[in-house]
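Data block for run.csv (CSV, C-alpha atoms):
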```csv
chain,number,residue,atom,x,y,z
A,1,MET,CA,-121.3,50.1,37.2
A,2,LYS,CA,-122.2,53.1,39.2
A,3,THR,CA,-122.0,56.7,37.9
A,4,TRP,CA,-121.0,59.2,40.5
A,5,PHE,CA,-121.7,62.9,40.3
A,6,THR,CA,-119.9,65.6,42.3
A,7,CYS,CA,-122.4,68.2,43.4
A,8,LYS,CA,-121.4,71.6,44.9
A,9,VAL,CA,-124.0,73.3,47.1
A,10,LYS,CA,-123.8,76.9,48.3
A,11,TYR,CA,-125.6,78.1,51.4
A,12,GLN,CA,-125.2,80.2,54.6
A,13,LYS,CA,-123.9,78.3,57.6
A,14,GLU,CA,-123.5,79.5,61.2
A,15,ASP,CA,-119.9,79.4,62.4
A,16,GLU,CA,-118.7,78.7,65.9
A,17,HIS,CA,-119.2,82.5,66.9
A,18,GLY,CA,-122.8,82.5,65.7
A,19,ARG,CA,-122.1,84.5,62.5
A,20,LEU,CA,-123.5,83.5,59.2
A,21,LYS,CA,-121.0,82.9,56.4
A,22,ASN,CA,-121.4,81.6,52.8
A,23,VAL,CA,-120.0,78.2,52.3
A,24,THR,CA,-119.8,75.9,49.2
A,25,GLU,CA,-119.6,72.2,50.1
A,26,ALA,CA,-119.1,69.2,47.9
A,27,TYR,CA,-121.2,66.0,47.9
A,28,LEU,CA,-121.2,62.8,45.9
A,29,ALA,CA,-124.3,61.3,44.5
A,30,ASP,CA,-124.9,58.0,42.7
A,31,ALA,CA,-127.3,58.7,39.9
A,32,LEU,CA,-128.2,57.7,36.4
A,33,SER,CA,-128.2,61.2,35.0
A,34,PHE,CA,-127.4,64.8,35.8
A,35,THR,CA,-131.1,65.4,36.3
A,36,GLU,CA,-131.4,62.6,38.8
A,37,ALA,CA,-128.3,63.8,40.6
A,38,GLU,CA,-129.7,67.3,40.9
A,39,ALA,CA,-133.1,66.1,42.1
A,40,ARG,CA,-131.3,63.9,44.7
A,41,ILE,CA,-129.2,66.7,46.0
A,42,TYR,CA,-132.2,69.1,46.3
A,43,GLU,CA,-134.1,66.4,48.2
A,44,GLU,CA,-131.2,65.5,50.6
A,45,MET,CA,-130.0,69.1,51.2
A,46,GLY,CA,-133.6,70.3,51.7
A,47,GLN,CA,-133.7,68.1,54.8
A,48,ARG,CA,-130.3,69.3,56.1
A,49,VAL,CA,-130.1,73.0,55.4
A,50,MET,CA,-132.2,75.6,57.0
A,51,GLY,CA,-133.0,78.4,54.6
A,52,GLU,CA,-132.0,78.9,51.0
A,53,PHE,CA,-129.3,76.9,49.2
A,54,ALA,CA,-128.2,76.6,45.6
A,55,VAL,CA,-126.7,73.7,43.6
A,56,THR,CA,-123.8,75.6,41.9
A,57,SER,CA,-122.3,72.7,39.9
A,58,ILE,CA,-122.8,69.1,39.0
A,59,ALA,CA,-120.1,67.2,37.2
A,60,LYS,CA,-119.5,63.5,36.4
A,61,SER,CA,-116.9,62.2,38.8
A,62,LYS,CA,-113.9,60.0,38.0
A,63,ILE,CA,-114.5,58.1,41.3
A,64,VAL,CA,-115.2,54.4,40.6
A,65,ASP,CA,-115.9,53.1,44.1
A,66,VAL,CA,-116.6,54.2,47.6
A,67,PHE,CA,-115.7,52.3,50.7
A,68,GLU,CA,-117.5,53.6,53.9
A,69,TYR,CA,-116.6,52.5,57.4
A,70,LYS,CA,-118.9,53.4,60.3
A,71,ASP,CA,-116.2,54.6,62.7
A,72,ALA,CA,-115.0,57.5,60.5
A,73,ASP,CA,-116.7,60.3,58.5
A,74,GLN,CA,-113.7,62.0,56.7
A,75,PHE,CA,-113.4,61.0,53.1
A,76,TYR,CA,-110.0,60.3,51.5
A,77,GLN,CA,-109.4,60.0,47.8
A,78,ALA,CA,-107.0,57.2,46.8
A,79,LYS,CA,-105.5,56.7,43.4
A,80,VAL,CA,-105.2,53.0,42.6
A,81,SER,CA,-103.1,51.7,39.6
A,82,TYR,CA,-102.8,48.3,38.1
A,83,MET,CA,-101.7,46.6,34.9
A,84,VAL,CA,-104.1,44.8,32.5
A,85,ALA,CA,-103.5,43.0,29.2
A,86,ASP,CA,-105.1,44.7,26.2
A,87,ALA,CA,-107.3,42.1,24.5
A,88,ASP,CA,-106.5,43.3,21.0
A,89,SER,CA,-102.8,44.0,21.0
A,90,GLY,CA,-101.8,41.7,23.9
A,91,LYS,CA,-99.7,44.6,25.4
A,92,GLU,CA,-100.0,45.5,29.1
A,93,LYS,CA,-101.8,48.7,29.8
A,94,LYS,CA,-101.8,50.7,33.1
A,95,VAL,CA,-105.2,51.5,34.5
A,96,THR,CA,-105.7,54.1,37.2
A,97,ASN,CA,-108.9,54.5,39.2
A,98,ILE,CA,-109.9,57.0,41.9
A,99,MET,CA,-111.7,55.6,44.9
A,100,LEU,CA,-113.0,57.2,48.1
A,101,VAL,CA,-112.6,55.7,51.6
A,102,THR,CA,-113.6,56.9,55.1
A,103,ALA,CA,-110.8,57.0,57.7
A,104,HIS,CA,-109.3,59.1,60.5
A,105,ASP,CA,-106.1,59.9,58.7
A,106,VAL,CA,-104.1,59.3,55.5
A,107,LYS,CA,-102.4,56.2,56.9
A,108,MET,CA,-105.6,54.6,57.9
A,109,ALA,CA,-107.1,55.4,54.4
A,110,TYR,CA,-104.2,53.7,52.7
A,111,GLU,CA,-104.6,50.6,54.9
A,112,ARG,CA,-108.4,50.5,54.3
A,113,ILE,CA,-108.0,50.8,50.5
A,114,HIS,CA,-105.7,47.7,50.7
A,115,GLU,CA,-108.2,45.9,53.0
A,116,SER,CA,-111.1,46.8,50.7
A,117,LEU,CA,-109.3,45.6,47.5
A,118,ASN,CA,-107.6,42.5,49.0
A,119,ASN,CA,-109.7,40.2,46.7
A,120,MET,CA,-108.5,41.8,43.5
A,121,LEU,CA,-106.9,39.3,41.2
A,122,VAL,CA,-104.2,41.7,39.9
A,123,THR,CA,-101.5,43.4,41.8
A,124,PHE,CA,-102.2,47.0,42.4
A,125,VAL,CA,-100.4,50.0,43.9
A,126,VAL,CA,-101.7,53.0,45.7
A,127,PRO,CA,-99.5,55.9,44.7
A,128,GLU,CA,-101.5,58.7,46.2
A,129,VAL,CA,-103.9,59.2,49.1
A,130,LYS,CA,-105.2,62.7,50.0
A,131,GLU,CA,-108.0,64.3,51.9
A,132,SER,CA,-111.2,64.7,49.8
A,133,PRO,CA,-113.5,67.8,49.9
A,134,ILE,CA,-116.5,65.4,49.7
A,135,LEU,CA,-118.6,65.7,52.9
A,136,GLU,CA,-121.2,63.1,52.3
A,137,VAL,CA,-122.1,60.4,49.8
A,138,PHE,CA,-125.7,59.8,48.7
A,139,HIS,CA,-126.1,56.3,47.3
A,140,HIS,CA,-128.7,55.3,44.7
A,141,TYR,CA,-132.1,54.4,46.1
A,142,LYS,CA,-132.3,50.7,47.1
A,143,ASP,CA,-134.9,48.6,45.3
A,144,GLU,CA,-136.7,47.9,48.7
A,145,GLU,CA,-137.2,51.7,49.2
A,146,LYS,CA,-139.1,51.9,45.8
A,147,LEU,CA,-141.7,49.1,46.6
A,148,PRO,CA,-145.1,50.5,46.1
A,149,GLU,CA,-147.8,50.3,48.8
A,150,GLY,CA,-149.7,47.0,48.7
A,151,ASN,CA,-149.0,43.3,48.9
A,152,PHE,CA,-145.5,43.5,47.2
A,153,ARG,CA,-142.3,41.7,48.4
A,154,PRO,CA,-138.7,41.7,47.2
A,155,VAL,CA,-138.0,39.0,44.6
A,156,ALA,CA,-135.3,37.4,46.7
A,157,GLU,CA,-137.8,36.7,49.5
A,158,VAL,CA,-140.2,35.0,47.0
A,159,GLU,CA,-137.4,33.0,45.5
A,160,ALA,CA,-136.3,31.8,48.9
A,161,GLU,CA,-139.8,30.6,49.8
A,162,SER,CA,-139.9,28.8,46.4
A,163,VAL,CA,-136.6,27.0,47.1
A,164,HIS,CA,-137.8,26.1,50.6
A,165,ALA,CA,-141.1,24.7,49.2
A,166,GLN,CA,-139.3,22.5,46.6
A,167,GLU,CA,-137.0,21.1,49.3
A,168,GLU,CA,-140.1,20.2,51.4
A,169,ASP,CA,-141.7,18.5,48.4
A,170,GLU,CA,-138.5,16.4,47.8
A,171,ASP,CA,-138.5,15.4,51.4
A,172,GLU,CA,-142.1,14.2,51.3
A,173,GLN,CA,-141.4,12.2,48.1
A,174,ASP,CA,-138.5,10.4,49.8
A,175,ILE,CA,-140.8,9.1,52.6
```
Structure rendered as structure tokens:
Amino acid sequence: MKTWFTCKVKYQKEDEHGRLKNVTEAYLADALSFTEAEARIYEEMGQRVMGEFAVTSIAKSKIVDVFEYKDADQFYQAKVSYMVADADSGKEKKVTNIMLVTAHDVKMAYERIHESLNNMLVTFVVPEVKESPILEVFHHYKDEEKLPEGNFRPVAEVEAESVHAQEEDEDEQDI
């Protein structure tokens, strides 16, 4: 399960009239620890912000999932509730999760949450959808990005070749 951290960054931004003003913006980072989240924010913001900036706060977020759609860049926060049976007592318990989704408006965010969760086995309700202050989400590094230089390949690629070779051997034996 991913751990999301809400990171607030303060810096000077030029407004539409060309004046500099201090802004504090919120970002979401998928990281294993506070230290990794901070390092990731410094790396990402260093590429985006001209001049000085400061990470003013980092907090573990209650967000459990993020659904991003390419056609929208505004994040909406949706509260999703469902009932589950408690394994010990057998009683039903209400579970509420917070999720982010990109959309153009609240109605579209509501529809996209339902679309994204349509494969859930339990019935759920979305009692609240609101605009989120999150401007951007930084996902954890993909394994392929971490491959060192040299003759290394992803495991999935090697396994696919192995399966293909076994199928060829079986075909030759049938002849």
Shell around stretch 52-60 of chain A at 7 Å using all atoms listed in the file, local window under 3 positions removed, as an MDAnalysis selection string
chainID A and resid 4:11
Mind pulling up the distance from atom CA of A:Tyr27 to atom CA of A:Lys13?
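Going from atom CA of A:Lys13 over to atom CA of A:Tyr27 covers 15.9 Å.
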Residue neighbourhood A:Ala29, 9 Å, only C-alpha atoms, exclusion window fewer than 4 positions, as a list in words:
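So the residues in contact are Thr3, Trp4, Phe5, Thr6, Cys7, Ala37, Glu38, Arg40, Ile41, Glu136, Val137, Phe138, His139 and His140 of chain A.
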Counting all atoms listed in the file, what is within 10 Å of A:Ser116, bar same-chain residues fewer than 2 positions away, as a list in words?
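Surrounding residues, per the criterion: Val66, Phe67, Glu68, Val101, Tyr110, Glu111, Arg112, Ile113, His114, Asn118, Asn119 and Met120 of chain A.
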What does the structure give for the distance between atom CA of A:Leu121 and atom CA of A:Asp86, in Å to one decimal?
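Value for the atom CA of A:Leu121-atom CA of A:Asp86 distance: 16.0 Å.
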Residue with smallest distance to A:Leu32 - pool A:Lys91, A:Gln74, A:Met1, A:Leu100, counting only C-alpha atoms:
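That would be A:Met1, the residue with the smallest distance to A:Leu32.
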Dig up all the protein and nucleic acid residues within 12 Å of (-97.8, 47.5, 33.2) in the file frame, using only C-alpha atoms, and format them as a PyMOL selection string.
chain A and resi 81-86+90-96+122-125
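In this structure, atom CA of A:Lys2 sits 11.8 Å away from atom CA of A:Leu28.
Among the candidates A:Asp105, A:Glu14, A:Glu128, A:Glu157, the one nearest to A:Met50 when counting only C-alpha atoms is A:Glu14.
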Excluding A:Glu131 and any residue of its chain fewer than 2 positions from it, enumerate the residues within 7 Å of it, using all atoms listed in the file, and give them as a list in words.
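Residues meeting the cut-off are Phe75, Tyr76, Gln77 and Pro133 of chain A.
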Nearest to A:Ile134 by atom-to-atom distance, counting all atoms listed in the file, from A:Thr24, A:Ser89, A:Ala109, A:Ser162:
A:Thr24
Which of A:Ala39, A:Met108, A:Ala160, A:Ala31 sits closest to A:Ala78 [using only C-alpha atoms]
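Nearest to A:Ala78: A:Met108.
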Which polymer residues have any atom within 8 Å of an atom of A:Ile98, counting only C-alpha atoms, with same-chain residues fewer than 6 positions away left out, as an MDAnalysis selection string?
chainID A and resid 62:65 77:80
Between A:Asp30, A:Glu115, A:Asp71, A:Asp88, which has the minimum distance to A:Ala103 (counting only C-alpha atoms)?
A:Asp71
